[in-house]
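J.: You'll find input16.cif just under this line, and it carries mmCIF, C-alpha atoms.
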```
data_work
#
loop_
_atom_site.label_atom_id
_atom_site.label_comp_id
_atom_site.auth_asym_id
_atom_site.auth_seq_id
_atom_site.Cartn_x
_atom_site.Cartn_y
_atom_site.Cartn_z
CA MET A 114 23.35 114.51 37.05
CA PHE A 115 23.12 118.12 38.11
CA PHE A 116 23.95 119.36 34.61
CA VAL A 117 21.31 117.07 33.11
CA VAL A 118 18.66 118.51 35.43
CA LEU A 119 19.89 122.06 34.69
CA ILE A 120 19.71 121.53 30.91
CA ARG A 121 16.22 120.06 31.16
CA PHE A 122 15.10 123.08 33.25
CA LEU A 123 16.58 125.57 30.77
CA THR A 124 15.11 123.84 27.68
CA GLY A 125 11.81 122.91 29.36
CA TYR A 126 9.99 119.59 29.65
CA VAL A 127 6.46 118.19 30.05
CA THR A 128 5.12 115.78 32.65
CA PHE A 129 2.19 113.76 31.22
CA TYR A 130 0.19 110.65 31.98
CA GLY A 131 -1.46 108.12 29.68
CA ARG A 132 -4.17 105.47 30.01
CA GLU A 133 -5.92 102.79 27.97
CA GLY A 134 -4.27 101.24 24.91
CA PHE A 135 -0.99 99.32 24.90
CA THR A 136 1.62 100.95 27.13
CA GLU A 137 4.47 98.67 26.04
CA ARG A 138 3.81 99.35 22.33
CA PHE A 139 3.67 103.12 23.10
CA ILE A 140 7.08 103.06 24.80
CA ASN A 141 8.61 101.05 21.94
CA LEU A 142 7.23 103.44 19.31
CA CYS A 143 8.61 106.45 21.25
CA SER A 144 12.03 104.79 21.42
CA ARG A 145 11.95 104.04 17.67
CA ASP A 146 10.95 107.65 16.85
CA GLY A 147 13.76 109.06 19.07
CA ILE A 148 11.41 110.57 21.65
CA PRO A 149 13.13 110.61 25.09
CA LEU A 150 11.15 109.43 28.11
CA TRP A 151 12.24 109.52 31.78
CA ASN A 152 10.72 109.20 35.25
CA LEU A 153 8.42 106.54 33.84
CA LYS A 154 5.98 105.22 36.47
CA SER A 155 2.93 102.94 36.28
CA ASP A 156 0.01 102.83 38.74
CA SER A 157 -3.52 101.30 38.48
CA GLY A 158 -3.63 101.05 34.70
CA GLU A 159 -2.12 104.50 34.18
CA PHE A 160 1.47 105.54 33.57
CA CYS A 161 3.29 108.83 34.07
CA ALA A 162 6.41 110.07 32.29
CA CYS A 163 8.38 113.16 31.31
CA THR A 164 9.61 114.25 27.89
CA THR A 165 11.01 117.31 26.14
CA ILE A 166 8.82 119.98 24.56
CA LYS A 167 9.81 118.83 21.08
CA GLY A 168 9.27 115.19 22.05
CA TYR A 169 5.73 115.87 23.26
CA LYS A 170 4.89 117.60 19.98
CA ASN A 171 5.97 114.46 18.08
CA ILE A 172 4.47 111.94 20.52
CA ARG A 173 0.92 112.04 19.09
CA SER A 174 1.73 109.56 16.33
CA ALA A 175 2.96 106.93 18.79
CA ALA A 176 -0.09 107.48 21.03
CA ARG A 177 -2.52 107.10 18.11
CA ARG A 178 -0.95 103.87 16.87
CA SER A 179 -0.84 102.32 20.35
CA GLY A 180 -4.34 103.51 21.35
CA VAL A 181 -3.02 105.47 24.38
CA ARG A 182 -4.83 108.61 25.48
CA LEU A 183 -2.43 111.32 26.75
CA LYS A 184 -2.95 114.34 29.00
CA ILE A 185 -0.46 116.94 30.26
CA ARG A 186 -0.09 117.02 34.01
CA LYS A 187 2.50 119.80 34.39
CA ARG A 188 4.65 122.07 32.23
CA ASN A 189 8.14 122.63 33.71
CA GLY A 190 11.18 124.78 32.97
CA MET A 191 12.29 128.25 31.93
CA PRO A 192 10.42 128.47 28.56
CA PHE A 193 7.04 127.97 30.26
CA PHE A 194 7.95 130.45 33.01
CA ILE A 195 8.88 133.11 30.45
CA ASP A 196 5.76 132.42 28.41
CA ARG A 197 3.58 132.71 31.51
CA TYR A 198 4.95 136.19 32.41
CA LYS A 199 5.83 137.55 28.96
CA TYR A 200 3.16 140.25 29.15
CA ARG A 201 4.08 141.33 32.67
CA TRP A 202 6.66 144.02 31.87
CA GLY A 203 6.98 145.09 35.48
CA MET A 204 8.62 141.84 36.48
CA ALA A 205 11.01 142.00 33.55
CA VAL A 206 11.95 145.60 34.32
CA GLY A 207 12.33 144.72 38.00
CA ALA A 208 14.59 141.79 37.19
CA VAL A 209 16.75 143.93 34.90
CA PHE A 210 16.89 146.68 37.51
CA PHE A 211 17.88 144.16 40.19
CA VAL A 212 20.72 142.81 38.07
CA MET A 213 21.92 146.34 37.26
CA MET A 214 21.79 147.41 40.92
CA LEU A 215 23.60 144.26 42.02
CA SER A 216 26.28 144.91 39.43
CA PHE A 217 26.54 148.56 40.49
CA LEU A 218 26.69 147.89 44.23
CA SER A 219 29.31 145.16 43.88
CA THR A 220 31.76 147.78 42.57
CA ARG A 221 31.25 150.15 45.53
CA ILE A 222 32.49 150.43 49.11
CA TRP A 223 29.76 149.41 51.55
CA TYR A 224 31.57 149.76 54.83
CA VAL A 225 34.73 151.37 56.26
CA GLU A 226 36.26 149.95 59.43
CA VAL A 227 39.34 150.92 61.48
CA SER A 228 41.53 148.67 63.60
CA GLY A 229 44.67 149.22 65.70
CA ASN A 230 43.70 152.62 67.13
CA GLU A 231 43.69 153.20 70.88
CA ARG A 232 44.13 156.89 71.68
CA PHE A 233 42.38 158.21 68.57
CA SER A 234 38.71 157.59 67.74
CA SER A 235 37.69 155.62 64.65
CA ASP A 236 35.40 158.46 63.51
CA SER A 237 38.29 160.97 63.38
CA ILE A 238 40.42 158.54 61.32
CA ILE A 239 37.52 157.74 58.95
CA GLU A 240 36.96 161.49 58.46
CA VAL A 241 40.58 161.92 57.28
CA PHE A 242 40.36 159.00 54.85
CA ASP A 243 36.99 160.25 53.61
CA SER A 244 38.71 163.44 52.41
CA MET A 245 41.21 161.24 50.52
CA GLY A 246 38.49 159.26 48.71
CA VAL A 247 38.06 156.20 50.94
CA SER A 248 34.41 156.44 51.90
CA ILE A 249 31.11 154.61 51.56
CA GLY A 250 29.78 154.67 48.01
CA LYS A 251 33.13 155.23 46.29
CA ARG A 252 34.05 153.03 43.33
CA LYS A 253 36.70 150.50 44.35
CA GLU A 254 38.57 150.78 41.04
CA ASN A 255 39.15 154.51 41.64
CA ILE A 256 40.85 153.95 45.01
CA ASP A 257 44.65 153.91 44.71
CA THR A 258 45.56 152.32 48.05
CA SER A 259 49.32 152.89 47.63
CA ALA A 260 48.96 156.61 46.96
CA ILE A 261 46.44 157.02 49.77
CA GLN A 262 48.73 155.26 52.26
CA LEU A 263 51.61 157.61 51.40
CA LYS A 264 49.37 160.66 51.77
CA ALA A 265 48.00 159.33 55.06
CA TYR A 266 51.42 159.58 56.70
CA THR A 267 51.27 163.36 56.10
CA GLU A 268 47.66 163.73 57.21
CA LEU A 269 48.13 161.48 60.28
CA PRO A 270 51.52 162.35 61.81
CA ASP A 271 50.63 160.56 65.07
CA PHE A 272 50.67 157.15 63.36
CA SER A 273 53.78 155.11 62.58
CA TRP A 274 52.06 152.73 60.17
CA VAL A 275 48.94 152.98 57.98
CA ALA A 276 47.48 150.43 55.55
CA VAL A 277 44.32 150.39 53.42
CA ASN A 278 42.99 147.02 52.23
CA LEU A 279 39.92 146.44 50.09
CA ASP A 280 38.21 143.24 51.17
CA GLY A 281 35.15 142.71 49.00
CA SER A 282 32.92 145.72 49.62
CA THR A 283 34.71 146.64 52.87
CA ALA A 284 37.60 149.09 53.17
CA ARG A 285 39.75 148.02 56.11
CA ILE A 286 42.01 150.72 57.56
CA GLU A 287 44.78 149.34 59.77
CA VAL A 288 46.84 151.79 61.82
CA ARG A 289 49.55 151.73 64.44
CA GLU A 290 49.93 154.71 66.76
CA LYS A 291 53.29 156.26 67.59
CA VAL A 292 54.54 155.89 71.14
CA PRO A 293 54.59 159.41 72.66
CA VAL A 294 58.13 160.66 73.29
CA PRO A 295 58.49 161.68 76.94
CA GLU A 296 59.25 165.34 77.51
CA ILE A 297 62.81 166.01 78.55
CA ALA A 298 63.06 168.40 81.47
CA ASP A 299 65.05 171.58 80.84
CA ASP A 300 67.90 171.48 83.35
CA THR A 301 70.02 174.20 81.77
CA THR A 302 67.94 177.38 81.96
CA PRO A 303 68.77 179.33 85.16
CA CYS A 304 65.78 179.64 87.47
CA ASN A 305 64.72 180.25 91.08
CA ILE A 306 62.21 178.34 93.15
CA LYS A 307 59.45 180.52 94.55
CA ALA A 308 56.36 179.79 96.66
CA ALA A 309 53.25 178.91 94.68
CA GLN A 310 51.16 179.22 97.89
CA GLY A 311 51.63 180.85 101.27
CA GLY A 312 52.03 178.57 104.28
CA GLN A 313 54.30 177.09 106.95
CA ILE A 314 57.31 175.08 105.81
CA LEU A 315 57.24 171.45 106.92
CA SER A 316 60.32 170.13 105.07
CA VAL A 317 63.00 171.42 102.72
CA LYS A 318 64.93 169.39 100.15
CA VAL A 319 67.39 171.34 97.98
CA TYR A 320 68.85 169.46 94.99
CA GLU A 321 70.38 172.41 93.15
CA GLY A 322 70.86 176.03 94.22
CA LYS A 323 70.88 177.70 97.61
CA GLY A 324 68.05 177.20 100.13
CA GLU A 325 66.60 180.42 101.51
CA VAL A 326 64.07 178.93 103.97
CA LYS A 327 64.10 176.28 106.67
CA GLN A 328 61.59 174.06 108.45
CA GLY A 329 59.07 176.06 110.50
CA ASP A 330 59.37 179.29 108.48
CA ALA A 331 56.21 181.05 107.32
CA VAL A 332 56.20 182.16 103.69
CA ALA A 333 53.87 184.16 101.48
CA LYS A 334 52.99 183.45 97.89
CA GLY A 335 55.88 184.50 95.63
CA ASP A 336 58.61 184.36 98.33
CA LEU A 337 62.01 183.05 97.27
CA LEU A 338 62.55 179.47 98.49
CA ILE A 339 65.64 178.27 96.58
CA ASN A 340 68.03 180.77 95.03
CA GLY A 341 69.37 179.89 91.57
CA ILE A 342 72.28 182.37 91.93
CA THR A 343 75.29 181.63 94.13
CA GLU A 344 78.41 183.75 94.63
CA ASN A 345 81.98 182.51 94.60
CA GLU A 346 84.67 183.80 96.98
CA ASP A 347 86.03 186.04 94.23
CA GLY A 348 82.64 187.75 93.89
CA THR A 349 81.63 186.13 90.61
CA ALA A 350 78.08 184.74 90.28
CA VAL A 351 77.11 181.25 89.21
CA PHE A 352 73.66 180.64 87.74
CA HIS A 353 71.88 177.37 88.48
CA HIS A 354 68.69 175.66 87.43
CA ALA A 355 67.33 175.49 90.97
CA LYS A 356 65.75 172.20 91.99
CA GLY A 357 64.06 171.15 95.18
CA GLU A 358 60.98 170.04 97.05
CA ILE A 359 59.42 172.37 99.60
CA ILE A 360 56.56 170.78 101.54
CA ALA A 361 54.35 173.25 103.40
CA LYS A 362 51.14 173.38 105.35
CA THR A 363 48.73 175.63 103.47
CA VAL A 364 45.19 176.92 103.77
CA ARG A 365 42.88 176.52 100.79
CA GLU A 366 39.31 177.81 100.48
CA ILE A 367 36.42 176.90 98.22
CA GLU A 368 33.34 179.11 98.13
CA VAL A 369 30.27 178.53 95.98
CA ILE A 370 27.30 180.93 95.95
CA ILE A 371 24.15 180.16 93.93
CA PRO A 372 21.59 183.03 93.84
CA ASN A 373 17.84 182.46 93.88
CA LYS A 374 17.61 183.76 90.31
CA ILE A 375 19.60 182.10 87.55
CA LYS A 376 19.83 182.69 83.83
CA CYS A 377 19.23 179.70 81.59
CA ARG A 378 18.24 178.84 78.05
CA LYS A 379 14.84 177.32 77.37
CA TYR A 380 13.35 175.69 74.30
CA THR A 381 10.39 177.40 72.66
CA ASP A 382 7.51 175.71 70.86
CA TYR A 383 9.16 176.29 67.46
CA LYS A 384 10.69 173.11 66.07
CA SER A 385 11.60 172.16 62.50
CA THR A 386 12.85 168.76 61.38
CA GLY A 387 14.68 167.84 58.16
CA TYR A 388 15.37 164.43 56.68
CA THR A 389 18.17 163.23 54.38
CA VAL A 390 18.50 159.71 53.00
CA LEU A 391 21.97 158.10 53.04
CA PHE A 392 22.53 155.76 50.11
CA PHE A 393 26.05 154.41 49.54
CA GLY A 394 27.75 157.68 50.38
CA PHE A 395 25.19 159.85 48.62
CA GLU A 396 23.05 162.23 50.64
CA ILE A 397 19.59 162.69 49.13
CA PRO A 398 17.61 165.55 50.75
CA VAL A 399 13.99 164.63 51.37
CA LYS A 400 12.90 167.52 53.54
CA LYS A 401 14.91 170.56 54.63
CA ALA A 402 14.71 171.98 58.13
CA GLU A 403 13.85 175.68 58.39
CA TYR A 404 16.50 177.75 60.15
CA PRO A 405 14.96 180.75 61.94
CA GLN A 406 16.64 184.01 62.89
CA GLY A 407 18.08 184.35 66.36
CA GLU A 408 19.51 181.64 68.57
CA TYR A 409 18.62 177.99 68.14
CA ASP A 410 19.91 174.50 68.90
CA GLU A 411 20.41 171.88 66.19
CA GLU A 412 20.47 168.16 66.87
CA ILE A 413 21.77 165.88 64.09
CA LYS A 414 21.12 162.16 64.40
CA LYS A 415 22.28 159.52 61.94
CA THR A 416 20.51 156.15 61.88
CA TYR A 417 21.90 153.27 59.81
CA ALA A 418 20.37 149.98 58.72
CA TYR A 419 21.99 146.80 60.01
CA ALA A 420 22.20 143.23 58.75
CA GLY A 421 22.87 141.39 61.98
CA LYS A 422 25.83 143.26 63.48
CA THR A 423 27.04 144.65 60.15
CA LYS A 424 26.24 148.30 59.48
CA LEU A 425 24.92 148.83 55.96
CA PRO A 426 25.56 151.97 53.87
CA LEU A 427 21.87 152.81 54.05
CA GLY A 428 20.35 155.18 56.57
CA ILE A 429 18.73 158.48 57.31
CA ILE A 430 19.90 161.76 58.82
CA ARG A 431 17.44 163.66 60.96
CA ASN A 432 18.32 167.21 61.97
CA THR A 433 16.02 168.98 64.40
CA VAL A 434 16.16 172.75 64.81
CA THR A 435 14.66 174.20 68.01
CA VAL A 436 14.55 177.90 68.88
CA THR A 437 15.86 178.80 72.32
CA LYS A 438 15.62 181.93 74.42
CA GLU A 439 17.41 183.16 77.52
CA VAL A 440 15.20 183.52 80.59
CA GLU A 441 15.76 184.36 84.24
CA GLU A 442 14.21 181.78 86.50
CA GLU A 443 13.60 182.00 90.22
CA ILE A 444 14.52 178.84 92.09
CA THR A 445 13.90 177.72 95.64
CA ALA A 446 16.58 177.62 98.31
CA ALA A 447 16.58 173.82 98.15
CA GLU A 448 17.20 173.87 94.38
CA ALA A 449 19.96 176.43 94.85
CA GLY A 450 21.46 174.18 97.53
CA ASN A 451 21.53 171.22 95.14
CA LEU A 452 23.25 173.26 92.43
CA ALA A 453 25.76 174.62 94.94
CA ALA A 454 26.49 171.13 96.25
CA MET A 455 27.24 169.80 92.75
CA GLU A 456 29.59 172.70 91.94
CA PHE A 457 31.30 172.45 95.33
CA LYS A 458 31.85 168.71 94.83
CA ASN A 459 33.53 169.29 91.47
CA GLN A 460 35.94 171.83 92.93
CA TYR A 461 36.57 169.66 95.99
CA GLU A 462 37.46 166.61 93.88
CA LYS A 463 39.86 168.74 91.83
CA LEU A 464 41.55 170.00 95.02
CA LYS A 465 41.91 166.43 96.36
CA GLY A 466 43.78 165.48 93.21
CA GLU A 467 46.29 168.31 93.72
CA VAL A 468 47.04 168.32 97.47
CA LYS A 469 46.82 166.18 100.60
CA ILE A 470 43.96 167.44 102.80
CA LEU A 471 44.78 167.27 106.51
CA SER A 472 41.57 168.78 107.89
CA GLU A 473 38.49 170.53 106.57
CA ASP A 474 35.73 172.84 107.76
CA ILE A 475 32.69 173.05 105.48
CA GLN A 476 29.74 175.35 106.15
CA SER A 477 26.51 175.36 104.15
CA CYS A 478 23.66 177.83 104.64
CA GLU A 479 20.97 179.90 102.95
CA TYR A 480 22.37 183.15 101.60
CA ASN A 481 20.28 186.06 100.24
CA SER A 482 17.42 183.69 99.31
CA GLY A 483 19.98 181.50 97.52
CA TRP A 484 22.60 179.14 98.90
CA ARG A 485 26.23 179.35 99.94
CA ILE A 486 28.78 176.62 100.66
CA LYS A 487 32.22 177.55 101.98
CA GLY A 488 35.01 175.14 102.80
CA THR A 489 38.32 175.85 104.55
CA PHE A 490 40.99 173.17 104.16
CA ILE A 491 44.33 172.66 105.89
CA CYS A 492 46.52 171.00 103.27
CA GLU A 493 49.98 169.57 102.78
CA GLU A 494 51.54 170.25 99.41
CA ASN A 495 54.69 170.95 97.46
CA ILE A 496 54.74 174.72 96.95
CA ALA A 497 57.94 174.82 94.87
CA LEU A 498 57.41 176.74 91.63
CA GLU A 499 60.14 177.34 89.05
CA GLU A 500 60.65 180.91 87.83
CA LYS A 501 63.13 181.70 85.06
CA ILE A 502 65.93 184.13 85.92
CA GLU A 503 66.02 186.99 83.45
CA ILE A 504 69.65 187.87 82.67
CA SER A 505 70.24 191.31 81.13
CA GLN A 506 73.48 192.01 79.31
CA GLU A 507 74.72 195.62 79.37
CA THR A 508 76.98 196.82 76.61
CA GLU A 509 79.38 199.71 76.91
#
```
Reformat the file's structure so that it appears as structure tokens.
T.:
Amino acid sequence: MFFVVLIRFLTGYVTFYGREGFTERFINLCSRDGIPLWNLKSDSGEFCACTTIKGYKNIRSAARRSGVRLKIRKRNGMPFFIDRYKYRWGMAVGAVFFVMMLSFLSTRIWYVEVSGNERFSSDSIIEVFDSMGVSIGKRKENIDTSAIQLKAYTELPDFSWVAVNLDGSTARIEVREKVPVPEIADDTTPCNIKAAQGGQILSVKVYEGKGEVKQGDAVAKGDLLINGITENEDGTAVFHHAKGEIIAKTVREIEVIIPNKIKCRKYTDYKSTGYTVLFFGFEIPVKKAEYPQGEYDEEIKKTYAYAGKTKLPLGIIRNTVTVTKEVEEEITAAEAGNLAAMEFKNQYEKLKGEVKILSEDIQSCEYNSGWRIKGTFICEENIALEEKIEISQETE
């Protein structure tokens, strides 16, 4: 049934109605003359039917002999549609252009997606594959996935497996990251253990070498804690890779001073914006930004079109160039205090991650019209620091 309707639409047909005369004789004459009729309906002395274009041209004889008066109600199908718009070249050109664009775009990559990555960003992976020809706007037939996968192992040494699959207009990049190999500690190179910080020894654990300090001793930065050289009874020396844990009570200080005058960069009134259209991997400049002499900041923003949650290969790049200049600004003591507090907090959090803080003394005050924050911390930490033993060989 569908094909019958399709054929009638492609060849065209006419819906007409008739009145007066002898309807039965009209139908019989049409059947005898081979004129097809369908959708025949009768209502209040009138009847309605459909026939082909050729059939309606030949139906006049049957109507005249049966005394039926005919009138077209509607012309249907492709021939009438074409005839109606045959002088409107714009629609024809638009239709041809649409078909050509659809054919062109169906052969191109619309979207590139990455899966399987954890430690590495998708953008960095896409950038590598872009240099190898897998990018938005590229012709799918020109992409040799096997060759690209082999080359990817060289370009991406941190991945154990790489695959490129073309799914419709989407290039799917599947990767598997290598498991980092743990670093193996060097236990063969002779070394001493020296103090990384000065302080009072709280505990001593010697795993290899000879301990030179004991609990309660005070040491300065750089003092020898565990000796990597031991002597035998016959006077010969044995070199060790000294190992140990020396826990000491230390004093750490953090001092932050923010003056009442600070140098900063400020934007001027000069601003220039450029626009570039993204179309299936092609960048079409619309307006170029003007780059002035001197120092300036440039902000590049890419905006893509979306169909639901799917990013389309259509968008615009906007780059804004703004001239900056260095100025010296005077700030209030309160503003200096806020800046000092933020910097002090950053250094304090870093110290907390390195040592165990036992007690602290923090002082904050105005200082030369600016602000000063000083903290003194009593800490507990491992001060053992390996230092390689340099062995010189003398020749006679």
J.: Under the rule that only C-alpha atoms are counted, which of A:Ile504, A:Val369, A:Glu396, A:Phe242 is the nearest residue to A:Leu452?
T.: A:Val369
J.: To one decimal place in Å, what is the distance between atom CA of A:Cys492 and atom CA of A:Lys469?
T.: 5.5 Å
J.: Using all atoms listed in the file, which of the listed residues (A:Glu133, A:Ile249, A:Arg197, A:Leu119) sits closest to A:Glu226?
T.: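 The shortest atom-to-atom distance to A:Glu226 comes from A:Ile249.
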J.: Quick one, how far is atom CA of A:Asp299 from atom CA of A:Ile314?
T.: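 Result for atom CA of A:Asp299 versus atom CA of A:Ile314: 26.4 Å, one decimal.
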J.: Give me the result of the PyMOL selection byres ((chain A and resi 499) around 7) on this file, residue by residue, as a list of chain:residue names.
T.: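 Taken over the shown coordinates, the PyMOL selection byres ((chain A and resi 499) around 7) returns A:Cys304, A:Asn305, A:Ile306, A:Lys307, A:Ala497, A:Leu498, A:Glu500, A:Lys501.
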J.: Residues near stretch 377-390 of chain A, anyone? I mean within 9 Å using all atoms listed in the file, not counting same-chain ones fewer than 5 positions away, as number ranges by chain.
T.: A: 395-404, 409-410, 427-442
J.: Residues within 7 Å of A:Val275, please, as a list of chain:residue names. Count all atoms listed in the file; anything in the same chain fewer than 6 positions from it doesn't count.
T.: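 Non-adjacent residues within range: A:Gln262, A:Glu287, A:Val288, A:Arg289.
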J.: In file coordinates, which residues lie within 12 Å of (44.0, 147.2, 53.1) using all atoms listed in the file, given as a list in words?
T.: Val225, Glu226, Val227, Ser228, Val247, Lys253, Ile256, Asp257, Thr258, Ser259, Ile261, Gln262, Val275, Ala276, Val277, Asn278, Leu279, Asp280, Gly281, Ser282, Thr283, Ala284, Arg285, Ile286, Glu287 and Val288 of chain A
J.: Would you save the residues of that selection, restricted to C-alpha atoms, as a PDB file, in the frame of the given file?
T.:
```pdb
ATOM      1  CA  VAL A 225      34.730 151.370  56.260  1.00  0.00           C
ATOM      2  CA  GLU A 226      36.260 149.950  59.430  1.00  0.00           C
ATOM      3  CA  VAL A 227      39.340 150.920  61.480  1.00  0.00           C
ATOM      4  CA  SER A 228      41.530 148.670  63.600  1.00  0.00           C
ATOM      5  CA  VAL A 247      38.060 156.200  50.940  1.00  0.00           C
ATOM      6  CA  LYS A 253      36.700 150.500  44.350  1.00  0.00           C
ATOM      7  CA  ILE A 256      40.850 153.950  45.010  1.00  0.00           C
ATOM      8  CA  ASP A 257      44.650 153.910  44.710  1.00  0.00           C
ATOM      9  CA  THR A 258      45.560 152.320  48.050  1.00  0.00           C
ATOM     10  CA  SER A 259      49.320 152.890  47.630  1.00  0.00           C
ATOM     11  CA  ILE A 261      46.440 157.020  49.770  1.00  0.00           C
ATOM     12  CA  GLN A 262      48.730 155.260  52.260  1.00  0.00           C
ATOM     13  CA  VAL A 275      48.940 152.980  57.980  1.00  0.00           C
ATOM     14  CA  ALA A 276      47.480 150.430  55.550  1.00  0.00           C
ATOM     15  CA  VAL A 277      44.320 150.390  53.420  1.00  0.00           C
ATOM     16  CA  ASN A 278      42.990 147.020  52.230  1.00  0.00           C
ATOM     17  CA  LEU A 279      39.920 146.440  50.090  1.00  0.00           C
ATOM     18  CA  ASP A 280      38.210 143.240  51.170  1.00  0.00           C
ATOM     19  CA  GLY A 281      35.150 142.710  49.000  1.00  0.00           C
ATOM     20  CA  SER A 282      32.920 145.720  49.620  1.00  0.00           C
ATOM     21  CA  THR A 283      34.710 146.640  52.870  1.00  0.00           C
ATOM     22  CA  ALA A 284      37.600 149.090  53.170  1.00  0.00           C
ATOM     23  CA  ARG A 285      39.750 148.020  56.110  1.00  0.00           C
ATOM     24  CA  ILE A 286      42.010 150.720  57.560  1.00  0.00           C
ATOM     25  CA  GLU A 287      44.780 149.340  59.770  1.00  0.00           C
ATOM     26  CA  VAL A 288      46.840 151.790  61.820  1.00  0.00           C
TER      27      VAL A 288
END
```
J.: Counting all atoms listed in the file, figure out which residue out of A:Asn152, A:Thr164, A:Gln310, A:Thr128 gets nearest to A:Ile185.
T.: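 Ranked by minimum distance to A:Ile185, first place goes to A:Thr128.
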J.: List, as a PyMOL selection string, every residue that the PyMOL selection byres ((chain A and resi 457) around 9) selects in the file provided.
T.: chain A and resi 367-369+452-456+458-462+486-488
J.: Which value, in Å to one decimal, gives the distance between atom CA of A:Ala205 and atom CA of A:Tyr419?
T.: 29.0 Å
J.: I need the output of the PyMOL selection byres ((chain A and resi 270) around 12) for this file as a ChimeraX atom specification; which residues are they?
T.: /A:238,241,263-269,271-275,288-293
J.: Within 8 Å of A:Gly394, counting all atoms listed in the file, which residues show up once you throw out same-chain ones fewer than 6 positions away? Write them as an NGL selection string, please.
T.: :A and (248-251 or 426)
J.: Counting all atoms listed in the file, which of A:Gly311, A:Gly203, A:Gly341, A:Gly229 gets nearest to A:Gly324?
T.: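 Looking at the shortest contact to A:Gly324, the residue is A:Gly341.
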